[in-house]
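Trainee: Dropping the structure in here first, questions after.
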Amino acid sequence: MSVLYITQPNAILSKKYEAFKVAVTQEDGSVNKQSIPAQTLEQIVLMGNPSVTGEALCYALELGLPVHYLSIFGKHLGSALPGYSRNGQLRLAQYAVHQDPERRLALVKAIVTGKIQNQYHVLYRHGQKDNPLKQRKGLVAEQQTLDQTRGIEGLAAREYFERWTQMLPEPFSLPGRHRRPPTDPVNALLSFSYGLLRVQVTAAVHIAGLDPYIGYLHETTRGQPAIVLDLMEEMRPLIADNVVLSVLSHKEIQPGDFTESLGAYRLEDNARKTFLQAFERKLNSEFTHPVFEYRCTYRRAIELQARLLARHLQEGIPYKPLIVR
C-alpha cells in the first residue's frame with residue numbers, strides 16, 4: 001500500500017472505473033495522464049491546490065482513504081476523512097483524562113520526556129554529545145504543573161535547534177525556528193516535513209477512534225487538532241527531523257532547489273519530489289518496536305502509538321512514548 005502525492009497545481013484527480021486518474025497539463029499544452037489502481041493506495045495527499053472531482057473524492061472516502069490538503073509550503077490545511085469511529089466509550093475516556101489534572105499532567109510528562117529523549121539521540125548521533133537535553137529530560141519529572149512542563153519542553157526545543165547549524169553541511173544553517181512563513185531553506189524543509197508527519201498522525205488518530213481536538217499537552221481553545229499535535233511531538237525528531245538532516249547530509253537537496261518570494265522559502269517541484277521519496281523511505285524503513293519487540297515500519301509505529309494512547313485512556317495502562325535509539 002502507498003500514498004499518492006499530487007504536487008502540481010494544474011493537476012486534476014478524477015476516477016475512472018476502479019482507478020484514480022491524474023491529468024497534468026504540460027507547458028506545451030499536452031496532457032500527461034497516469035492511472036493508479038485504487039486498491040494500491042492507503043492515503044491521498046494534495047499539495048498546492050490541485051483539483052479533485054467530486055466523484056474521485058467520494059470514491060476515496062467510500063474506500064476508506066483519507067484525503068489530505070497541504071499548502072505549497074507543506075503546511076497541513078485539513079483532511080477529508082472517512083466516517084468517524086463509533087467508539088463512544090473511548091471518546092468519554094479521552095474527555096475524562098482531559099478533565100483530570102493529575103492524569104493529564106502524568107500523560108504530558110510522558111509525551112515531553114519522549115520528545116526530549118528523541119531530540120537528545122538526534123544530537124548525539126550527529127556528534128553533539130555535549131548537550132543539556134539529558135538534564136532537561138530529568139527536570140520533567142519534577143514539574144508540578146502543565147505550564148511548568150511546557151516550559152521545560154520549550155527550553156529543550158530551543159537548545160535542540162541551537163545545535164542544528166553545527167550538524168548541517170555548508171552552506172546550510174538554522175538561525176532559529178521560523179514557521180509562518182519559513183524564512184530560510186532549512187526551516188522550509190522542517191515545515192514541509194512536519195506537514196507530512198501531521199498527515200500520518202491525523203490518519204492514525206482517526207483509525208484509533210480518538211477525538212482529534214481533545215489533547216493534553218496542546219490546548220483545545222485554538223481550534224487545533226490537539227491530540228494530533230500531542231502525538232506528533234515524540235515523532236518529530238524520530239521521523240521528520242531525521243529526514244531533513246539526511247537529505248541535506250547526502251546532498252539530495254541543494255541550495256539551488258529553493259524558491260524565495262517575499263522572504264518565504266519553498267522547494268522547487270523536482271526537489272519536492274525528491275524530499276517526498278526520502279520521507280516515504282523513512283516511513284517504510286523498519287526497526288524493532290521497543291514496546292512490542294517486533295519489527296515494524298515507522299508508518300505502522302505511528303498507528304500503534306495512537307492505539308497505545310487509546311488503551312492508556314480507557315484502561316489506565318501507562319503510556320510509553322516511542323523512543324528509538
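Order determines the names: the first chain of the C-alpha cells is A, the second B, and so forth; residues in each chain are numbered 1 upward, and ligands are numbered 1 upward as they are shown.
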Can you list, as JSON, numbers by chain, every protein, DNA or RNA residue that comes within 6 Å of stretch 41-46 of chain A when you count only C-alpha atoms, leaving out same-chain residues fewer than 4 positions away?
Mentor: {"A": [1, 2, 3, 4, 5, 6, 65, 66, 67, 68, 69]}
Trainee: Return as JSON lines the residues of stretch 190-238 of chain A lying at most 10 Å from stretch 282-291 of chain A, together with the closest atom-to-atom pair for each and the distance in Å to one decimal, counting only C-alpha atoms, with rows in chain order and ascending residue number.
Mentor:
{"residue": "A:Leu197", "atom": "CA", "partner": "A:Leu283", "partner_atom": "CA", "distance": 9.5}
{"residue": "A:Gln200", "atom": "CA", "partner": "A:Leu283", "partner_atom": "CA", "distance": 9.4}
{"residue": "A:Leu238", "atom": "CA", "partner": "A:Lys282", "partner_atom": "CA", "distance": 9.6}
Trainee: Can you work out which one of A:His76, A:Lys15, A:Lys137, A:Lys251 has the shortest atom-to-atom distance to A:Val228, counting only C-alpha atoms?
Mentor: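 Using only C-alpha atoms, A:Val228 sits closest to A:His76.
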Trainee: Smallest atom-to-atom distance to A:Lys75: which of A:Tyr265, A:Tyr194, A:Tyr298, A:Tyr319, using only C-alpha atoms?
Mentor: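 With only C-alpha atoms as the atom set, the closest residue is A:Tyr194.
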Trainee: Of the candidates A:Gln254, A:Ser79, A:Thr7, A:Gln314, which shows the shortest atom-to-atom distance to A:Asn49, using only C-alpha atoms?
Mentor: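 Checking each candidate against A:Asn49, we get A:Thr7 as the closest.
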Trainee: Can you tell me, as a list in words, which residues in stretch 4-67 of chain A count as helix (DSSP H, G or I) by DSSP?
Mentor: Ala38, Gln39, Thr40, Gly54, Glu55, Ala56, Leu57, Cys58, Tyr59, Ala60, Leu61 and Glu62 of chain A
Trainee: Pick out the closest residue to A:Ala188 from this set: A:Pro237, A:Gly176, A:Gly29, A:Pro321. Count only C-alpha atoms.
Mentor: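 Under the stated criterion, the closest residue is A:Gly176.
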Trainee: Which of these, A:Asn10, A:Arg299, A:His250, A:Leu90, has the shortest distance to A:Glu27 once you count only C-alpha atoms?
Mentor: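 Looking at the shortest contact to A:Glu27, the residue is A:Asn10.
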Trainee: For A:Pro185, which of A:Ile253, A:Ala204, A:Ile214, A:Ile239 is the closest residue, counting only C-alpha atoms?
Mentor: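 Nearest to A:Pro185: A:Ile253.
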Trainee: Within 9 Å of stretch 143-153 of chain A, counting only C-alpha atoms, which residues show up once you throw out same-chain ones fewer than 3 positions away? Write them as a list in words, please.
Mentor: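 Skipping anything fewer than 3 positions along the chain leaves Pro101, Arg104, Leu105, Val108, Lys109, Val112, Thr113, Lys115, Ile116, Arg136, Lys137, Leu139, Val140, Ala156, Ala157, Arg158, Tyr216 and Leu217 of chain A.
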Trainee: Taking C-alpha atoms for each residue, export the selection above as a CSV table (one decimal), in the first residue's frame.
Mentor:
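Saved to out_15.csv:
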chain,number,residue,atom,x,y,z
A,101,PRO,CA,-5.4,17.4,36.3
A,104,ARG,CA,-3.4,14.8,32.4
A,105,LEU,CA,-0.1,16.0,33.9
A,108,VAL,CA,2.0,15.3,29.3
A,109,LYS,CA,5.2,14.4,31.2
A,112,VAL,CA,7.5,15.6,26.8
A,113,THR,CA,10.0,13.1,28.2
A,115,LYS,CA,10.3,14.1,22.8
A,116,ILE,CA,13.3,15.3,24.7
A,136,ARG,CA,16.2,18.8,30.7
A,137,LYS,CA,14.6,15.4,30.5
A,139,LEU,CA,13.7,18.0,35.1
A,140,VAL,CA,10.4,17.0,33.6
A,156,ALA,CA,14.7,21.9,25.4
A,157,ALA,CA,13.4,22.7,21.9
A,158,ARG,CA,15.4,26.0,21.8
A,216,TYR,CA,-3.3,17.2,26.7
A,217,LEU,CA,0.0,19.0,26.0
Trainee: To one decimal place in Å, what is the distance between atom CA of A:Gly48 and atom CA of A:Ser71?
Mentor: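 According to the coordinates, atom CA of A:Gly48 and atom CA of A:Ser71 are separated by 5.3 Å.
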Trainee: Would you pick out the contacts of stretch 57-64 of chain A at 12 Å or less, using only C-alpha atoms, so that residues sharing its chain but fewer than 5 positions from it are not included, and give the list as a tab-separated table (two decimals) with C-alpha atoms, in the first residue's frame?
Mentor:
chain	number	residue	atom	x	y	z
A	4	LEU	CA	-0.49	9.15	-3.70
A	12	ILE	CA	-6.71	17.11	-11.88
A	13	LEU	CA	-7.56	13.98	-9.89
A	14	SER	CA	-10.53	12.04	-11.22
A	15	LYS	CA	-11.92	8.49	-11.15
A	16	LYS	CA	-12.34	6.00	-13.95
A	17	TYR	CA	-13.63	2.52	-13.23
A	18	GLU	CA	-11.65	1.14	-10.26
A	19	ALA	CA	-8.74	3.55	-10.59
A	20	PHE	CA	-7.80	7.15	-9.94
A	21	LYS	CA	-6.64	9.25	-12.88
A	37	PRO	CA	-5.28	1.37	-9.12
A	38	ALA	CA	-7.35	2.39	-6.11
A	39	GLN	CA	-6.65	-0.81	-4.20
A	40	THR	CA	-2.92	0.02	-4.04
A	41	LEU	CA	-3.48	3.24	-2.05
A	42	GLU	CA	-3.99	3.97	1.62
A	43	GLN	CA	-3.94	7.81	1.54
A	44	ILE	CA	-4.02	10.73	-0.91
A	45	VAL	CA	-2.05	13.94	-0.29
A	46	LEU	CA	-2.78	17.07	-2.35
A	51	SER	CA	-8.24	19.94	-8.48
A	52	VAL	CA	-10.29	16.93	-7.39
A	79	SER	CA	-8.25	16.45	5.72
A	80	ALA	CA	-11.31	14.76	4.28
A	81	LEU	CA	-11.66	11.64	6.41
A	82	PRO	CA	-13.90	8.57	6.17
A	83	GLY	CA	-16.68	8.16	8.73
A	84	TYR	CA	-15.61	8.60	12.35
A	85	SER	CA	-15.21	5.73	14.78
A	203	ALA	CA	-4.85	9.31	9.85
A	206	HIS	CA	-8.76	8.72	13.09
A	207	ILE	CA	-8.14	4.97	12.83
Trainee: So which residues touch A:Leu267 within 10 Å, counting only C-alpha atoms, skipping near sequence neighbours fewer than 5 positions away, as a PDB file with C-alpha atoms, in the first residue's frame?
Mentor:
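Result file is result.pdb:
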ATOM      1  CA  ILE A  72       2.644  24.983  -1.203  1.00  0.00           C
ATOM      2  CA  PHE A  73       4.898  25.350   1.876  1.00  0.00           C
ATOM      3  CA  GLY A  74       3.850  21.938   3.201  1.00  0.00           C
ATOM      4  CA  PRO A 185      15.787  26.676   3.313  1.00  0.00           C
ATOM      5  CA  ALA A 188      11.236  25.327   4.759  1.00  0.00           C
ATOM      6  CA  LEU A 189      12.273  21.670   4.905  1.00  0.00           C
ATOM      7  CA  PHE A 192       7.316  20.565   4.947  1.00  0.00           C
ATOM      8  CA  ILE A 253      18.653  18.656  -1.658  1.00  0.00           C
ATOM      9  CA  PRO A 255      20.798  25.289  -2.014  1.00  0.00           C
ATOM     10  CA  GLY A 256      19.547  25.942  -5.557  1.00  0.00           C
ATOM     11  CA  ASP A 257      16.472  23.761  -5.007  1.00  0.00           C
ATOM     12  CA  PHE A 258      14.546  26.540  -3.241  1.00  0.00           C
ATOM     13  CA  THR A 259      12.402  29.436  -4.407  1.00  0.00           C
ATOM     14  CA  GLU A 260      12.233  32.649  -2.362  1.00  0.00           C
ATOM     15  CA  ARG A 272       9.839  18.399  -3.609  1.00  0.00           C
ATOM     16  CA  LYS A 273       9.534  15.002  -5.291  1.00  0.00           C
ATOM     17  CA  THR A 274      12.989  14.079  -4.026  1.00  0.00           C
ATOM     18  CA  PHE A 275      12.011  15.020  -0.487  1.00  0.00           C
TER      19      PHE A 275
END
Trainee: What is the distance between atom CA of A:Gln135 and atom CA of A:Ala301, in Å to one decimal?
Mentor: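 For atom CA of A:Gln135 relative to atom CA of A:Ala301, the distance reads 27.3 Å.
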Trainee: May I have the residues within 6 Å of A:Gly215 as JSON, numbers by chain, using only C-alpha atoms and disregarding those fewer than 2 positions away in the same chain?
Mentor: {"A": [218, 226, 227]}
